[in-house]
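S.K.: What follows is a structure written as structure tokens; I'll ask about it next.
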Amino acid sequence: MSHDPVQAELIAVLVAVTNGDPRVLTIESGYALPSGQLETGHRSLQAGLRAWVERQTHHPLGYVEQLYTFADQQRLHQFRSISISYLGLSREGPATDPETAWCNWYTYFPWEDRRRTSTLISRVILPRLAAWSGNDTARRLRVAGLFGQEGRLWNEELVLQRYELLFEAELVQEAIRARPSQPADPLPGAAMTHDHRRILATAIARLRAKIKYRPVVFELLPSTFTMLELQQAIEALAGQTLHKPNFRRLIEQQDLVEETGQVSAGLAGRPAKLFRFRASVLEEREFSGTKLPLTR
């Protein structure tokens with residue numbers, strides 16, 4: 001009896017927010033996430049992950065949490081691979097290797113940035129999905145639900161489901177390269193190796209959910225920040241614009257930050273108050289679940 005080979009791959013999604021952009025640490029000039037196979041010399045999964053990340057990127061890996069384990073058949077290969085992914089939050093540091101880069105995650109998912117690319121959905125993606133759906137009611141309902149059509153609201157957390165739908169419709173490069181004999185006309189969005197873009201989609205969805213009930217965004221900010229910088233960081237992760245007065249009211253009601261007594265040059269050189277994350281909240285590590293005031 002023959003057995004298909006099984007490989008266990010450790011994959012890191014390391015996220016930062018820089019100048020209002022969500023960034024992810026990549027290797028191979030943006031084509032892959034830091035990753036490597038679990039080896040017999042690794043004393044644990046995390047030890048193996050840290051070894052690979054530091055070897056490939058020279059970036060120290062801080063706190064990470066397990067993201068997801070994919071154990072399905074690799075789409076592009078004949079072997080079964082167990083992909084164990086981890087999510088970490090960081091501050092962007094200099095890339096010391098020419099093939100290591102911090103990339104804007106909307107380079108891979110431009111349709112997820114509703115602040116700038118809503119026309120991509122209405123003018124390009126939806127017409128192509130309509131052609132793919134045809135008279136299939138189930139397909140049309142999936143498209144409407146995932147892309148906020150026919151009276152449905154856009155759900156910013158359904159990143160993976162949207163990518164999977166576009167893969168099924170053969171509109172992303174990973175699906176097209178799996179069938180090289182077919183005409184190639186992918187949507188905008190950089191491809192990644194194996195299922196790394198699928199894993200990145202899972203990480204984006206996890207973070208978008210977490211920022212609504214845990215103060216993880218403060219781990220991506222410097223120790224002091226303006227209220228505008230805080231708002232822009234959350235907008236970057238959510239891919240949507242926040243209602244400014246409601247956002248500030250929400251932050252004040254939950255008593256998440258405190259003034260430092262210092263100011264920073266704001267817009268047009270006007271001074272802006274500097275805040276810091278309240279130490280007591282850091283100890284609690286969570287706050288009450290409240291939907292962010294996203295503009296629809």
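How things are named: the first chain in the structure tokens is A, the next is B, and so on; residues count from 1 in each chain; ligands count from 1 in the order shown.
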Counting only C-alpha atoms, which residues of region 81-178 of chain A fall within 7 Å of region 208-226 of chain A, and what is the closest atom pair for each with its distance in Å at one decimal, ordered by chain and rising number, as CSV?

M.R.:
```
residue,atom,partner,partner_atom,distance
A:Leu89,CA,A:Leu220,CA,6.5
A:Ser90,CA,A:Leu220,CA,6.1
A:Arg91,CA,A:Leu220,CA,6.1
A:Glu157,CA,A:Arg208,CA,5.9
```

S.K.: What does the file look like for those residues with N, CA and C atoms, as a tab-separated table (two decimals), in the first residue's frame?

M.R.:
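New file part_15.tsv:
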```
chain	number	residue	atom	x	y	z
A	89	LEU	N	2.33	40.47	15.98
A	89	LEU	CA	2.25	41.91	15.79
A	89	LEU	C	3.62	42.50	16.09
A	90	SER	N	4.01	43.50	15.29
A	90	SER	CA	5.37	44.00	15.40
A	90	SER	C	5.40	45.47	15.01
A	91	ARG	N	6.57	46.04	15.04
A	91	ARG	CA	6.86	47.36	14.47
A	91	ARG	C	7.79	47.13	13.29
A	157	GLU	N	-14.89	41.17	7.92
A	157	GLU	CA	-14.21	39.98	8.43
A	157	GLU	C	-14.21	38.80	7.45
```

S.K.: Mind giving me the straight-line distance from CA of Thr100 (chain A) to CA of Gly30 (chain A) in Å, one decimal?

M.R.: 7.3 Å

S.K.: Residues at most 10 Å from Ala191 (chain A), counting only C-alpha atoms, excluding those fewer than 3 positions away in the same chain, as a ChimeraX atom specification?

M.R.: /A:30-32,107-109,172-175,177,186,188,194-197

S.K.: If you take only C-alpha atoms and a cut-off of 12 Å, which residues of region 133-203 of chain A touch region 113-121 of chain A, and what are their nearest atom pairs and distances in Å to one decimal, in chain and number order, as a tab-separated table?

M.R.:
```
residue	atom	partner	partner_atom	distance
A:Val143	CA	A:Ile121	CA	11.2
A:Ala144	CA	A:Ile121	CA	11.8
A:Leu146	CA	A:Ile121	CA	11.4
A:Phe147	CA	A:Ile121	CA	8.1
A:Gly148	CA	A:Ile121	CA	10.3
A:Gln149	CA	A:Ile121	CA	10.7
A:Trp154	CA	A:Arg114	CA	9.6
A:Asn155	CA	A:Arg114	CA	11.1
A:Glu156	CA	A:Arg114	CA	9.2
A:Val159	CA	A:Asp113	CA	10.8
A:Arg162	CA	A:Ile121	CA	11.5
A:Leu166	CA	A:Ile121	CA	11.8
A:Leu187	CA	A:Leu120	CA	9.3
A:Pro188	CA	A:Leu120	CA	8.9
A:Gly189	CA	A:Leu120	CA	11.1
```

S.K.: When you count only C-alpha atoms, which of these residues is closest to Ala47 (chain A): A:Leu61, A:Leu274, A:Glu168, A:Ala205?

M.R.: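 The shortest atom-to-atom distance to Ala47 (chain A) comes from A:Leu61.
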
S.K.: Smallest atom-to-atom distance to Ser44 (chain A): which of A:Ile27, A:Ile204, A:Leu10, A:Ile251, using only C-alpha atoms?

M.R.: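 Closest residue, counting only C-alpha atoms: A:Leu10.
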
S.K.: When DSSP is applied to the backbone of this structure, which of region 199-278 of chain A are assigned strand (DSSP E)? Write them out as a ChimeraX atom specification.

M.R.: /A:257-265,271-277

S.K.: Could you dump the residues just selected with C-alpha atoms as an mmCIF file, in the first residue's frame?

M.R.:
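Result went into out-v4.cif, see below:
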```cif
data_model
loop_
_atom_site.group_PDB
_atom_site.id
_atom_site.type_symbol
_atom_site.label_atom_id
_atom_site.label_comp_id
_atom_site.auth_asym_id
_atom_site.auth_seq_id
_atom_site.Cartn_x
_atom_site.Cartn_y
_atom_site.Cartn_z
ATOM 1 C CA VAL A 257 -6.143 56.106 26.565
ATOM 2 C CA GLU A 258 -4.834 58.913 28.702
ATOM 3 C CA GLU A 259 -3.182 62.204 27.862
ATOM 4 C CA THR A 260 0.578 62.473 28.303
ATOM 5 C CA GLY A 261 0.599 66.241 28.739
ATOM 6 C CA GLN A 262 2.705 66.567 25.595
ATOM 7 C CA VAL A 263 1.827 67.636 22.063
ATOM 8 C CA SER A 264 3.031 66.781 18.593
ATOM 9 C CA ALA A 265 2.879 68.736 15.353
ATOM 10 C CA PRO A 271 -0.242 70.940 17.755
ATOM 11 C CA ALA A 272 -2.046 67.700 18.567
ATOM 12 C CA LYS A 273 -2.294 66.098 21.987
ATOM 13 C CA LEU A 274 -0.256 62.953 22.564
ATOM 14 C CA PHE A 275 -1.898 59.974 24.236
ATOM 15 C CA ARG A 276 -0.752 56.660 25.604
ATOM 16 C CA PHE A 277 -2.531 53.397 26.241
#
```

S.K.: Rank A:His58, A:Arg142, A:Arg206, A:His42 by their smallest atom-to-atom distance to Gly93 (chain A), using only C-alpha atoms, and report the top residue only.

M.R.: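 Of the candidates, the smallest distance to Gly93 (chain A) is held by A:His58.
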
S.K.: Within 8 Å of Thr57 (chain A), counting only C-alpha atoms, which residues show up once you throw out same-chain ones fewer than 4 positions away? Write them as a compact mmCIF listing (two decimals) with C-alpha atoms, in the first residue's frame, please.

M.R.:
```txt
# COMPACT_ATOMS: atom_id res chain seq x y z
CA ILE A 27 10.46 36.92 1.77
CA PRO A 34 8.49 33.50 6.27
CA VAL A 53 11.78 33.71 10.76
CA ALA A 95 14.85 44.90 5.85
CA THR A 96 18.41 43.60 6.04
CA ASP A 97 18.08 41.13 3.17
CA THR A 100 12.99 40.50 2.58
```
